[in-house]
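Undergrad: Just so it is clear, I am handing over my_file26.cif, which has mmCIF, C-alpha atoms.
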data_upload
#
loop_
_atom_site.group_PDB
_atom_site.id
_atom_site.type_symbol
_atom_site.label_atom_id
_atom_site.label_comp_id
_atom_site.auth_asym_id
_atom_site.auth_seq_id
_atom_site.Cartn_x
_atom_site.Cartn_y
_atom_site.Cartn_z
ATOM 1 C CA MET A 157 69.599 25.031 50.433
ATOM 2 C CA ASP A 158 72.294 27.159 52.036
ATOM 3 C CA LEU A 159 75.218 25.446 50.313
ATOM 4 C CA VAL A 160 77.931 27.418 52.130
ATOM 5 C CA GLY A 161 76.291 26.871 55.542
ATOM 6 C CA ALA A 162 75.826 23.185 54.819
ATOM 7 C CA CYS A 163 79.462 22.785 53.729
ATOM 8 C CA ARG A 164 80.590 24.645 56.846
ATOM 9 C CA ALA A 165 78.623 22.217 59.048
ATOM 10 C CA PHE A 166 79.924 19.224 57.074
ATOM 11 C CA VAL A 167 83.577 20.313 57.417
ATOM 12 C CA SER A 168 83.306 21.186 61.109
ATOM 13 C CA VAL A 169 81.549 17.937 62.083
ATOM 14 C CA SER A 170 84.197 16.016 60.135
ATOM 15 C CA ASP A 171 87.062 17.886 61.851
ATOM 16 C CA HIS A 172 85.654 17.323 65.359
ATOM 17 C CA GLY A 173 84.146 13.868 64.847
ATOM 18 C CA SER A 174 80.958 14.986 66.583
ATOM 19 C CA PHE A 175 77.776 16.796 65.609
ATOM 20 C CA THR A 176 77.603 18.456 69.019
ATOM 21 C CA VAL A 177 81.181 19.766 69.097
ATOM 22 C CA GLY A 178 81.321 20.495 65.373
ATOM 23 C CA ALA A 179 78.110 22.507 65.486
ATOM 24 C CA ALA A 180 79.312 24.531 68.495
ATOM 25 C CA ALA A 181 82.590 25.317 66.715
ATOM 26 C CA VAL A 182 80.725 27.092 63.911
ATOM 27 C CA ARG A 183 78.115 28.590 66.247
ATOM 28 C CA MET A 184 75.204 26.382 65.231
ATOM 29 C CA SER A 185 72.889 24.228 67.255
ATOM 30 C CA GLN A 186 73.281 20.511 66.859
ATOM 31 C CA SER A 187 69.861 20.246 65.238
ATOM 32 C CA VAL A 188 70.738 22.909 62.613
ATOM 33 C CA ALA A 189 74.036 21.195 61.806
ATOM 34 C CA SER A 190 72.269 17.843 61.454
ATOM 35 C CA ARG A 191 69.641 19.308 59.130
ATOM 36 C CA ARG A 192 72.276 20.984 56.960
ATOM 37 C CA VAL A 193 74.358 17.815 56.607
ATOM 38 C CA ALA A 194 71.185 15.841 55.836
ATOM 39 C CA ALA A 195 70.286 18.416 53.178
ATOM 40 C CA LEU A 196 73.714 17.936 51.584
ATOM 41 C CA GLU A 197 73.289 14.167 51.582
ATOM 42 C CA GLU A 198 69.870 14.490 49.979
ATOM 43 C CA ARG A 199 71.136 16.962 47.391
ATOM 44 C CA PHE A 200 74.196 14.881 46.478
ATOM 45 C CA GLY A 201 72.429 11.551 46.704
ATOM 46 C CA GLY A 202 74.958 9.897 49.019
ATOM 47 C CA GLN A 203 75.701 9.430 52.736
ATOM 48 C CA LEU A 204 78.513 11.576 54.155
ATOM 49 C CA PHE A 205 78.798 10.101 57.681
ATOM 50 C CA GLU A 206 78.451 6.760 59.407
ATOM 51 C CA ARG A 207 76.257 7.438 62.435
ATOM 52 C CA SER A 208 76.140 3.955 63.935
ATOM 53 C CA SER A 209 78.928 4.528 66.467
ATOM 54 C CA ARG A 210 79.411 7.180 69.149
ATOM 55 C CA ARG A 211 81.969 8.941 67.018
ATOM 56 C CA VAL A 212 80.849 10.288 63.686
ATOM 57 C CA VAL A 213 82.989 8.815 60.883
ATOM 58 C CA LEU A 214 83.195 9.873 57.252
ATOM 59 C CA THR A 215 82.010 7.459 54.628
ATOM 60 C CA PRO A 216 84.238 6.898 51.561
ATOM 61 C CA TYR A 217 81.828 9.178 49.673
ATOM 62 C CA GLY A 218 82.184 11.833 52.367
ATOM 63 C CA ARG A 219 85.990 11.650 52.233
ATOM 64 C CA ASP A 220 85.872 12.249 48.477
ATOM 65 C CA LEU A 221 83.719 15.370 48.849
ATOM 66 C CA LEU A 222 85.433 16.843 51.931
ATOM 67 C CA PRO A 223 88.345 18.619 50.120
ATOM 68 C CA THR A 224 85.967 20.438 47.771
ATOM 69 C CA ALA A 225 83.686 21.334 50.687
ATOM 70 C CA ARG A 226 86.698 22.880 52.443
ATOM 71 C CA GLU A 227 87.402 24.990 49.349
ATOM 72 C CA VAL A 228 83.815 26.223 49.337
ATOM 73 C CA VAL A 229 84.141 27.304 52.977
ATOM 74 C CA ARG A 230 87.533 28.979 52.392
ATOM 75 C CA ALA A 231 86.226 30.801 49.318
ATOM 76 C CA SER A 232 83.173 32.087 51.204
ATOM 77 C CA GLU A 233 85.344 33.331 54.084
ATOM 78 C CA ALA A 234 87.703 35.056 51.622
ATOM 79 C CA LEU A 235 84.727 36.702 49.927
ATOM 80 C CA LEU A 236 83.350 37.960 53.233
ATOM 81 C CA HIS A 237 86.769 39.358 54.143
ATOM 82 C CA GLU A 238 87.108 41.158 50.795
ATOM 83 C CA ALA A 239 83.590 42.534 51.065
ATOM 84 C CA GLU A 240 84.312 43.980 54.510
ATOM 85 C CA ALA A 241 87.645 45.409 53.354
ATOM 86 C CA ALA A 242 85.977 47.021 50.340
ATOM 87 C CA LYS A 243 83.599 48.896 52.652
ATOM 88 C CA HIS A 244 86.563 50.569 54.357
ATOM 89 C CA LYS A 245 88.713 51.079 51.275
ATOM 90 C CA PRO A 246 89.695 54.759 51.062
ATOM 91 C CA TRP A 247 87.843 56.786 48.439
ATOM 92 C CA ARG A 248 90.675 58.692 46.763
ATOM 93 C CA LEU A 249 89.473 62.164 45.779
ATOM 94 C CA ALA A 250 91.443 64.964 44.074
ATOM 95 C CA VAL A 251 90.545 68.366 45.525
ATOM 96 C CA PRO A 252 91.575 71.973 44.859
ATOM 97 C CA GLY A 253 94.847 73.037 46.407
ATOM 98 C CA THR A 254 93.127 76.206 47.629
ATOM 99 C CA CYS A 255 91.180 74.298 50.289
ATOM 100 C CA SER A 256 92.604 74.940 53.745
ATOM 101 C CA THR A 257 93.957 72.164 55.945
ATOM 102 C CA VAL A 258 91.189 72.597 58.497
ATOM 103 C CA ALA A 259 88.517 72.560 55.762
ATOM 104 C CA LEU A 260 89.912 69.328 54.325
ATOM 105 C CA ALA A 261 90.131 67.772 57.802
ATOM 106 C CA ARG A 262 86.489 68.618 58.466
ATOM 107 C CA LEU A 263 85.490 67.088 55.131
ATOM 108 C CA VAL A 264 87.311 63.847 56.004
ATOM 109 C CA ALA A 265 85.717 63.785 59.460
ATOM 110 C CA GLU A 266 82.227 64.399 58.111
ATOM 111 C CA ALA A 267 82.714 61.711 55.451
ATOM 112 C CA ARG A 268 83.515 59.172 58.161
ATOM 113 C CA GLY A 269 80.178 59.938 59.729
ATOM 114 C CA HIS A 270 78.585 58.847 56.454
ATOM 115 C CA GLY A 271 80.619 55.637 56.322
ATOM 116 C CA VAL A 272 83.058 56.946 53.702
ATOM 117 C CA THR A 273 86.836 56.961 54.195
ATOM 118 C CA LEU A 274 88.315 59.747 52.082
ATOM 119 C CA ASP A 275 91.916 59.870 50.859
ATOM 120 C CA LEU A 276 92.332 63.444 49.613
ATOM 121 C CA ARG A 277 94.808 64.556 46.930
ATOM 122 C CA PRO A 278 95.092 68.381 46.775
ATOM 123 C CA ALA A 279 96.275 69.511 43.337
ATOM 124 C CA ALA A 280 96.035 72.262 40.724
ATOM 125 C CA PRO A 281 93.281 72.058 38.050
ATOM 126 C CA ALA A 282 95.407 70.493 35.290
ATOM 127 C CA ARG A 283 96.859 67.945 37.670
ATOM 128 C CA ARG A 284 93.412 66.939 38.893
ATOM 129 C CA ARG A 285 92.372 66.213 35.309
ATOM 130 C CA GLU A 286 95.486 64.099 34.849
ATOM 131 C CA PHE A 287 94.603 62.160 37.993
ATOM 132 C CA VAL A 288 91.173 61.359 36.552
ATOM 133 C CA HIS A 289 92.444 60.370 33.099
ATOM 134 C CA SER A 290 95.158 58.122 34.543
ATOM 135 C CA GLN A 291 92.703 56.773 37.159
ATOM 136 C CA GLN A 292 95.064 57.616 40.014
ATOM 137 C CA VAL A 293 91.956 58.770 41.892
ATOM 138 C CA ARG A 294 88.400 57.521 41.963
ATOM 139 C CA ALA A 295 87.059 61.025 41.353
ATOM 140 C CA ALA A 296 88.106 64.669 41.282
ATOM 141 C CA LEU A 297 86.598 68.088 41.866
ATOM 142 C CA LEU A 298 87.380 69.558 38.446
ATOM 143 C CA ALA A 299 87.459 73.270 37.597
ATOM 144 C CA VAL A 300 84.596 74.022 35.208
ATOM 145 C CA PRO A 301 82.747 77.146 34.003
ATOM 146 C CA PRO A 302 80.052 78.286 36.444
ATOM 147 C CA ASP A 303 77.188 77.233 34.132
ATOM 148 C CA GLU A 304 78.501 73.637 34.275
ATOM 149 C CA ALA A 305 79.243 73.666 37.995
ATOM 150 C CA THR A 306 77.640 71.874 40.910
ATOM 151 C CA TRP A 307 79.442 74.190 43.335
ATOM 152 C CA SER A 308 80.444 77.782 42.635
ATOM 153 C CA VAL A 309 82.652 80.055 44.772
ATOM 154 C CA PRO A 310 82.697 83.838 44.146
ATOM 155 C CA LEU A 311 86.011 85.536 43.449
ATOM 156 C CA GLY A 312 87.184 89.039 44.243
ATOM 157 C CA LEU A 313 90.387 90.954 44.919
ATOM 158 C CA ALA A 314 92.221 91.039 48.247
ATOM 159 C CA THR A 315 94.782 93.531 49.492
ATOM 160 C CA ALA A 316 97.018 93.804 52.518
ATOM 161 C CA ARG A 317 95.417 97.020 53.744
ATOM 162 C CA GLU A 318 91.767 97.612 54.520
ATOM 163 C CA ASP A 319 90.113 100.643 52.890
ATOM 164 C CA PRO A 320 86.730 101.128 54.592
ATOM 165 C CA GLY A 321 85.598 103.587 51.916
ATOM 166 C CA VAL A 322 85.958 101.129 49.053
ATOM 167 C CA LYS A 323 83.202 98.557 48.609
ATOM 168 C CA ARG A 324 84.310 97.244 45.202
ATOM 169 C CA VAL A 325 87.566 97.184 43.291
ATOM 170 C CA TYR A 326 87.465 98.418 39.697
ATOM 171 C CA LEU A 327 90.322 97.294 37.507
ATOM 172 C CA GLU A 328 90.248 100.576 35.630
ATOM 173 C CA THR A 329 91.681 102.210 38.769
ATOM 174 C CA LEU A 330 94.876 100.214 38.176
ATOM 175 C CA ARG A 331 95.578 102.016 34.908
ATOM 176 C CA ILE A 332 98.910 103.848 34.996
ATOM 177 C CA GLY A 333 99.050 107.484 33.996
ATOM 178 C CA ARG A 334 102.085 109.607 33.332
ATOM 179 C CA ALA A 335 101.845 111.157 36.773
ATOM 180 C CA SER A 336 101.219 107.886 38.591
ATOM 181 C CA PRO A 337 103.819 107.330 41.306
ATOM 182 C CA GLY A 338 105.538 103.990 41.811
ATOM 183 C CA PRO A 339 105.289 100.763 39.855
ATOM 184 C CA PRO A 340 101.941 99.599 38.414
ATOM 185 C CA ARG A 341 99.734 97.518 40.685
ATOM 186 C CA ARG A 342 99.380 93.904 39.655
ATOM 187 C CA VAL A 343 96.637 91.304 39.971
ATOM 188 C CA TRP A 344 97.979 87.886 40.947
ATOM 189 C CA LEU A 345 96.264 84.719 39.742
ATOM 190 C CA GLN A 346 96.637 81.493 41.673
ATOM 191 C CA GLN A 347 97.083 78.197 39.851
ATOM 192 C CA GLU A 348 93.467 77.355 40.678
ATOM 193 C CA ASP A 349 92.324 80.418 38.721
ATOM 194 C CA ASP A 350 94.746 80.091 35.802
ATOM 195 C CA VAL A 351 92.035 78.416 33.731
ATOM 196 C CA PRO A 352 90.346 79.743 30.557
ATOM 197 C CA HIS A 353 86.951 80.602 32.046
ATOM 198 C CA ILE A 354 88.627 82.854 34.643
ATOM 199 C CA ARG A 355 91.873 83.948 33.005
ATOM 200 C CA ASP A 356 90.433 84.860 29.588
ATOM 201 C CA PRO A 357 87.728 87.308 30.796
ATOM 202 C CA LEU A 358 90.309 89.006 33.001
ATOM 203 C CA THR A 359 92.745 89.250 30.100
ATOM 204 C CA ARG A 360 90.108 90.757 27.819
ATOM 205 C CA LEU A 361 89.126 93.273 30.491
ATOM 206 C CA ARG A 362 92.800 94.136 31.100
ATOM 207 C CA ASP A 363 93.295 94.879 27.414
ATOM 208 C CA ALA A 364 90.021 96.789 27.072
ATOM 209 C CA LEU A 365 90.957 99.040 30.000
ATOM 210 C CA GLY A 366 94.439 99.704 28.656
ATOM 211 C CA LEU A 367 96.309 97.999 31.490
ATOM 212 C CA ARG A 368 99.779 96.672 30.873
ATOM 213 C CA PRO A 369 100.177 92.951 30.116
ATOM 214 C CA ALA A 370 102.433 92.561 33.166
ATOM 215 C CA GLN A 371 99.642 93.775 35.468
ATOM 216 C CA LEU A 372 97.982 90.357 35.275
ATOM 217 C CA VAL A 373 100.377 87.731 36.649
ATOM 218 C CA ALA A 374 100.011 83.973 37.053
ATOM 219 C CA ALA A 375 101.707 83.146 40.356
ATOM 220 C CA PRO A 376 103.989 80.088 40.551
ATOM 221 C CA ASP A 377 102.567 79.408 44.025
ATOM 222 C CA LEU A 378 100.356 81.018 46.636
ATOM 223 C CA THR A 379 103.231 81.949 48.950
ATOM 224 C CA THR A 380 104.875 84.068 46.255
ATOM 225 C CA ALA A 381 101.634 85.838 45.402
ATOM 226 C CA VAL A 382 100.734 86.619 49.029
ATOM 227 C CA ALA A 383 104.256 87.864 49.743
ATOM 228 C CA GLU A 384 103.952 90.339 46.852
ATOM 229 C CA VAL A 385 100.552 91.488 48.091
ATOM 230 C CA LEU A 386 101.930 92.030 51.610
ATOM 231 C CA CYS A 387 104.964 93.950 50.372
ATOM 232 C CA THR A 388 103.266 96.103 47.732
ATOM 233 C CA HIS A 389 99.883 97.453 46.714
ATOM 234 C CA ASP A 390 99.245 94.398 44.528
ATOM 235 C CA LEU A 391 96.010 92.424 44.638
ATOM 236 C CA LEU A 392 95.265 88.698 44.901
ATOM 237 C CA LEU A 393 92.353 87.096 43.092
ATOM 238 C CA CYS A 394 90.749 84.789 45.669
ATOM 239 C CA SER A 395 87.584 83.780 47.467
ATOM 240 C CA PRO A 396 86.295 85.536 50.609
ATOM 241 C CA ALA A 397 87.140 82.492 52.743
ATOM 242 C CA GLN A 398 90.676 82.343 51.420
ATOM 243 C CA ALA A 399 91.182 86.066 52.028
ATOM 244 C CA ALA A 400 90.019 85.634 55.623
ATOM 245 C CA GLU A 401 92.409 82.716 56.104
ATOM 246 C CA LEU A 402 95.277 84.858 54.766
ATOM 247 C CA ALA A 403 94.213 87.917 56.839
ATOM 248 C CA LEU A 404 93.672 89.990 53.686
ATOM 249 C CA ALA A 405 90.954 92.548 52.959
ATOM 250 C CA TRP A 406 88.589 91.154 50.293
ATOM 251 C CA ARG A 407 86.213 93.060 47.998
ATOM 252 C CA PRO A 408 84.244 92.012 44.896
ATOM 253 C CA ILE A 409 85.349 93.157 41.448
ATOM 254 C CA GLY A 410 83.246 96.059 40.229
ATOM 255 C CA ASP A 411 83.597 95.639 36.473
ATOM 256 C CA LEU A 412 83.548 91.825 36.211
ATOM 257 C CA ARG A 413 81.856 88.937 37.996
ATOM 258 C CA LEU A 414 84.012 85.853 38.389
ATOM 259 C CA SER A 415 83.640 82.586 40.267
ATOM 260 C CA ARG A 416 85.318 79.218 40.583
ATOM 261 C CA GLY A 417 83.119 76.415 39.343
ATOM 262 C CA PHE A 418 83.547 72.806 40.460
ATOM 263 C CA ALA A 419 82.019 69.516 39.360
ATOM 264 C CA LEU A 420 82.642 66.036 40.729
ATOM 265 C CA THR A 421 83.932 63.783 37.939
ATOM 266 C CA ALA A 422 84.637 60.060 38.290
ATOM 267 C CA ALA A 423 87.594 58.193 36.829
ATOM 268 C CA GLY A 424 86.826 55.415 34.337
ATOM 269 C CA ASP A 425 83.214 54.230 34.418
ATOM 270 C CA GLY A 426 82.735 55.012 38.096
ATOM 271 C CA ASP A 427 79.729 56.837 39.460
ATOM 272 C CA PRO A 428 80.370 59.467 42.153
ATOM 273 C CA GLN A 429 76.659 60.132 42.622
ATOM 274 C CA HIS A 430 76.539 58.485 46.051
ATOM 275 C CA ILE A 431 79.449 60.646 47.210
ATOM 276 C CA GLU A 432 77.777 63.789 45.895
ATOM 277 C CA THR A 433 74.500 62.825 47.547
ATOM 278 C CA ARG A 434 76.049 62.037 50.931
ATOM 279 C CA LEU A 435 78.742 64.707 51.027
ATOM 280 C CA GLY A 436 77.446 67.488 48.765
ATOM 281 C CA ASP A 437 76.987 69.978 51.581
ATOM 282 C CA ALA A 438 80.286 68.990 53.224
ATOM 283 C CA ILE A 439 82.140 69.518 49.931
ATOM 284 C CA ALA A 440 80.480 72.916 49.567
ATOM 285 C CA ARG A 441 81.683 73.952 53.017
ATOM 286 C CA CYS A 442 85.190 72.737 52.176
ATOM 287 C CA LEU A 443 85.317 74.797 48.979
ATOM 288 C CA GLY A 444 84.198 77.925 50.787
ATOM 289 C CA PRO A 445 81.311 79.031 52.996
ATOM 290 C CA ASP A 446 80.372 81.792 50.556
ATOM 291 C CA HIS A 447 79.635 79.320 47.766
ATOM 292 C CA ARG A 448 76.584 79.428 45.534
ATOM 293 C CA THR A 449 75.360 76.180 44.015
ATOM 294 C CA ARG A 450 73.311 75.800 40.874
ATOM 295 C CA ALA A 451 69.726 74.685 41.240
ATOM 296 C CA GLY A 452 68.668 71.116 40.565
ATOM 297 C CA ALA A 453 71.890 69.462 41.720
ATOM 298 C CA GLY A 454 70.293 67.257 44.377
ATOM 299 C CA THR A 455 71.632 67.579 47.908
ATOM 300 C CA ALA A 456 74.642 69.507 46.644
ATOM 301 C CA GLY A 457 72.428 71.962 44.796
ATOM 302 C CA ARG A 458 71.148 73.789 47.835
ATOM 303 C CA THR A 459 72.204 77.375 48.332
ATOM 304 C CA THR A 460 73.944 77.927 51.650
ATOM 305 C CA ALA A 461 75.146 81.222 53.037
#
How would this structure read if it were set down as structure tokens?

TA:
Amino acid sequence: MDLVGACRAFVSVSDHGSFTVGAAAVRMSQSVASRRVAALEERFGGQLFERSSRRVVLTPYGRDLLPTAREVVRASEALLHEAEAAKHKPWRLAVPGTCSTVALARLVAEARGHGVTLDLRPAAPARRREFVHSQQVRAALLAVPPDEATWSVPLGLATAREDPGVKRVYLETLRIGRASPGPPRRVWLQQEDDVPHIRDPLTRLRDALGLRPAQLVAAPDLTTAVAEVLCTHDLLLCSPAQAAELALAWRPIGDLRLSRGFALTAAGDGDPQHIETRLGDAIARCLGPDHRTRAGAGTAGRTTA
């Protein structure tokens, strides 16, 4: 028996004093409403209505059960409302602060096409981890080493001036000699790249090549780093897409291969698998069109140029 449907028919017929009007009010046929009320009476073992007169009247037994039947109907309507609201509840996701506004907007738009409402929280790597641990987000794209990554974005060095003859940048060319004019050239790290699996290899290479400690700088923000690159001969560690957005000339690093690795991690005991399955390719495009994804990662694991 459809208990909720039967209670809805029972309450509506009682409110309107008529099977015909009561059934119409809850969008049932009179015959369906009659069958549902009869099913209730059979299930409960008592008559709910007196049907001898033109107007349907509650029996004493029916009056006793009516308040509880109303609660059943109210509870079912509240449940349906909550279920519908839950479908449209924003999925709060922490994303890298290096993603451009247009890339994030396209990700949100594409997610809507998959029935997902995203609420994005751009933040630096450490902050994204805090968001996950404190469950301020439902999931986050965390910075991880490339061998642990679902998405991987290559990194290189960008400068303000294009040099058509140079295909790669070698850090050893930044070494300062006694006859070198001007201040030493610096490599600026963004907050997104100030993580061990990127910073430590660069630091070891800097020391092995005999560069000065101050030639590898962690920038307080992207604006500061780009301003220094525009005003000097300094270099910015970034992705090809980010260099294009900033109108900088990008080249790969000749003596070291670096990339940003990202993995989708859920807060608490949540499972972001359905988000990764639906939006894996969209997330990849948001992180950078020159990404490389590791094999075997489902939809998100496809390599896209």

Undergrad: So, with only C-alpha atoms as the atoms that count, which of A:Leu311, A:Ala423, A:Pro357, A:Asp377 lies closest to Arg285 (chain A)?

TA: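 Answer, going by the shortest atom-to-atom distance: A:Ala423.
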
Undergrad: Using the chain letters and numbers from the file, give me the residues hit by the PyMOL selection byres ((chain A and resi 395) around 6), as a ChimeraX atom specification.

TA: /A:310-311,394,396-398

Undergrad: Quote the spacing between CA of Arg284 (chain A) and CA of Leu378 (chain A) in Å to one decimal place.

TA: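 Between these atoms lies a distance of 17.5 Å.
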
Undergrad: Hey, which of A:Val213, A:Leu276, A:Leu404, A:Leu221 ends up closest to His172 (chain A)? Count all atoms listed in the file.

TA: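 Comparing A:Val213, A:Leu276, A:Leu404, A:Leu221 against His172 (chain A), the winner is A:Val213.
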
Undergrad: Any chance you could work out the residue set of the PyMOL selection byres ((chain A and resi 371) around 7) here, as an NGL selection string?

TA: :A and (340-343 or 367-370 or 372-373)

Undergrad: Determine the nearest neighbour of Gly410 (chain A) from the options A:Ala374, A:Leu236, A:Ala225, A:Leu313, counting only C-alpha atoms.

TA: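 Among A:Ala374, A:Leu236, A:Ala225, A:Leu313, it is A:Leu313 that comes nearest to Gly410 (chain A).
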
Undergrad: Let me make sure I understand: among A:Ile332, A:Leu204, A:Ala438, A:Ala314, which one has the smallest atom-to-atom distance to Ala405 (chain A) if we use all atoms listed in the file?

TA: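 Result for the nearest residue to Ala405 (chain A): A:Ala314.
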
Undergrad: Atoms are missing here; could region 190-211 of chain A be completed with N, CA and C atoms and written as a PDB file, in the frame of the given file?

TA:
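As written to disk, selection_36.pdb reads:
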ATOM      1  N   SER A 190      72.776  19.129  61.944  1.00  0.00           N
ATOM      2  CA  SER A 190      72.269  17.843  61.454  1.00  0.00           C
ATOM      3  C   SER A 190      71.401  18.047  60.224  1.00  0.00           C
ATOM      4  N   ARG A 191      70.516  19.045  60.272  1.00  0.00           N
ATOM      5  CA  ARG A 191      69.641  19.308  59.130  1.00  0.00           C
ATOM      6  C   ARG A 191      70.438  19.721  57.902  1.00  0.00           C
ATOM      7  N   ARG A 192      71.488  20.519  58.110  1.00  0.00           N
ATOM      8  CA  ARG A 192      72.276  20.984  56.960  1.00  0.00           C
ATOM      9  C   ARG A 192      73.071  19.835  56.337  1.00  0.00           C
ATOM     10  N   VAL A 193      73.638  18.968  57.157  1.00  0.00           N
ATOM     11  CA  VAL A 193      74.358  17.815  56.607  1.00  0.00           C
ATOM     12  C   VAL A 193      73.377  16.892  55.887  1.00  0.00           C
ATOM     13  N   ALA A 194      72.199  16.678  56.475  1.00  0.00           N
ATOM     14  CA  ALA A 194      71.185  15.841  55.836  1.00  0.00           C
ATOM     15  C   ALA A 194      70.753  16.429  54.502  1.00  0.00           C
ATOM     16  N   ALA A 195      70.662  17.764  54.435  1.00  0.00           N
ATOM     17  CA  ALA A 195      70.286  18.416  53.178  1.00  0.00           C
ATOM     18  C   ALA A 195      71.347  18.187  52.111  1.00  0.00           C
ATOM     19  N   LEU A 196      72.626  18.228  52.526  1.00  0.00           N
ATOM     20  CA  LEU A 196      73.714  17.936  51.584  1.00  0.00           C
ATOM     21  C   LEU A 196      73.600  16.501  51.069  1.00  0.00           C
ATOM     22  N   GLU A 197      73.379  15.586  51.974  1.00  0.00           N
ATOM     23  CA  GLU A 197      73.289  14.167  51.582  1.00  0.00           C
ATOM     24  C   GLU A 197      72.129  13.951  50.606  1.00  0.00           C
ATOM     25  N   GLU A 198      71.014  14.619  50.875  1.00  0.00           N
ATOM     26  CA  GLU A 198      69.870  14.490  49.979  1.00  0.00           C
ATOM     27  C   GLU A 198      70.159  15.114  48.617  1.00  0.00           C
ATOM     28  N   ARG A 199      70.819  16.262  48.657  1.00  0.00           N
ATOM     29  CA  ARG A 199      71.136  16.962  47.391  1.00  0.00           C
ATOM     30  C   ARG A 199      72.127  16.173  46.557  1.00  0.00           C
ATOM     31  N   PHE A 200      73.155  15.603  47.207  1.00  0.00           N
ATOM     32  CA  PHE A 200      74.196  14.881  46.478  1.00  0.00           C
ATOM     33  C   PHE A 200      73.827  13.422  46.195  1.00  0.00           C
ATOM     34  N   GLY A 201      72.863  12.925  46.924  1.00  0.00           N
ATOM     35  CA  GLY A 201      72.429  11.551  46.704  1.00  0.00           C
ATOM     36  C   GLY A 201      73.380  10.516  47.274  1.00  0.00           C
ATOM     37  N   GLY A 202      74.047  10.851  48.393  1.00  0.00           N
ATOM     38  CA  GLY A 202      74.958   9.897  49.019  1.00  0.00           C
ATOM     39  C   GLY A 202      75.152  10.235  50.481  1.00  0.00           C
ATOM     40  N   GLN A 203      75.509   9.217  51.298  1.00  0.00           N
ATOM     41  CA  GLN A 203      75.701   9.430  52.736  1.00  0.00           C
ATOM     42  C   GLN A 203      77.107   9.934  52.992  1.00  0.00           C
ATOM     43  N   LEU A 204      77.218  10.965  53.848  1.00  0.00           N
ATOM     44  CA  LEU A 204      78.513  11.576  54.155  1.00  0.00           C
ATOM     45  C   LEU A 204      79.126  11.007  55.424  1.00  0.00           C
ATOM     46  N   PHE A 205      78.297  10.597  56.397  1.00  0.00           N
ATOM     47  CA  PHE A 205      78.798  10.101  57.681  1.00  0.00           C
ATOM     48  C   PHE A 205      78.156   8.761  58.034  1.00  0.00           C
ATOM     49  N   GLU A 206      78.974   7.950  58.739  1.00  0.00           N
ATOM     50  CA  GLU A 206      78.451   6.760  59.407  1.00  0.00           C
ATOM     51  C   GLU A 206      78.026   7.187  60.803  1.00  0.00           C
ATOM     52  N   ARG A 207      76.775   6.968  61.155  1.00  0.00           N
ATOM     53  CA  ARG A 207      76.257   7.438  62.435  1.00  0.00           C
ATOM     54  C   ARG A 207      75.979   6.278  63.407  1.00  0.00           C
ATOM     55  N   SER A 208      76.467   5.110  63.094  1.00  0.00           N
ATOM     56  CA  SER A 208      76.140   3.955  63.935  1.00  0.00           C
ATOM     57  C   SER A 208      76.929   3.923  65.232  1.00  0.00           C
ATOM     58  N   SER A 209      78.102   4.530  65.260  1.00  0.00           N
ATOM     59  CA  SER A 209      78.928   4.528  66.467  1.00  0.00           C
ATOM     60  C   SER A 209      78.809   5.854  67.201  1.00  0.00           C
ATOM     61  N   ARG A 210      79.433   5.926  68.395  1.00  0.00           N
ATOM     62  CA  ARG A 210      79.411   7.180  69.149  1.00  0.00           C
ATOM     63  C   ARG A 210      80.119   8.303  68.392  1.00  0.00           C
ATOM     64  N   ARG A 211      81.201   7.944  67.759  1.00  0.00           N
ATOM     65  CA  ARG A 211      81.969   8.941  67.018  1.00  0.00           C
ATOM     66  C   ARG A 211      81.509   8.950  65.560  1.00  0.00           C
TER      67      ARG A 211
END
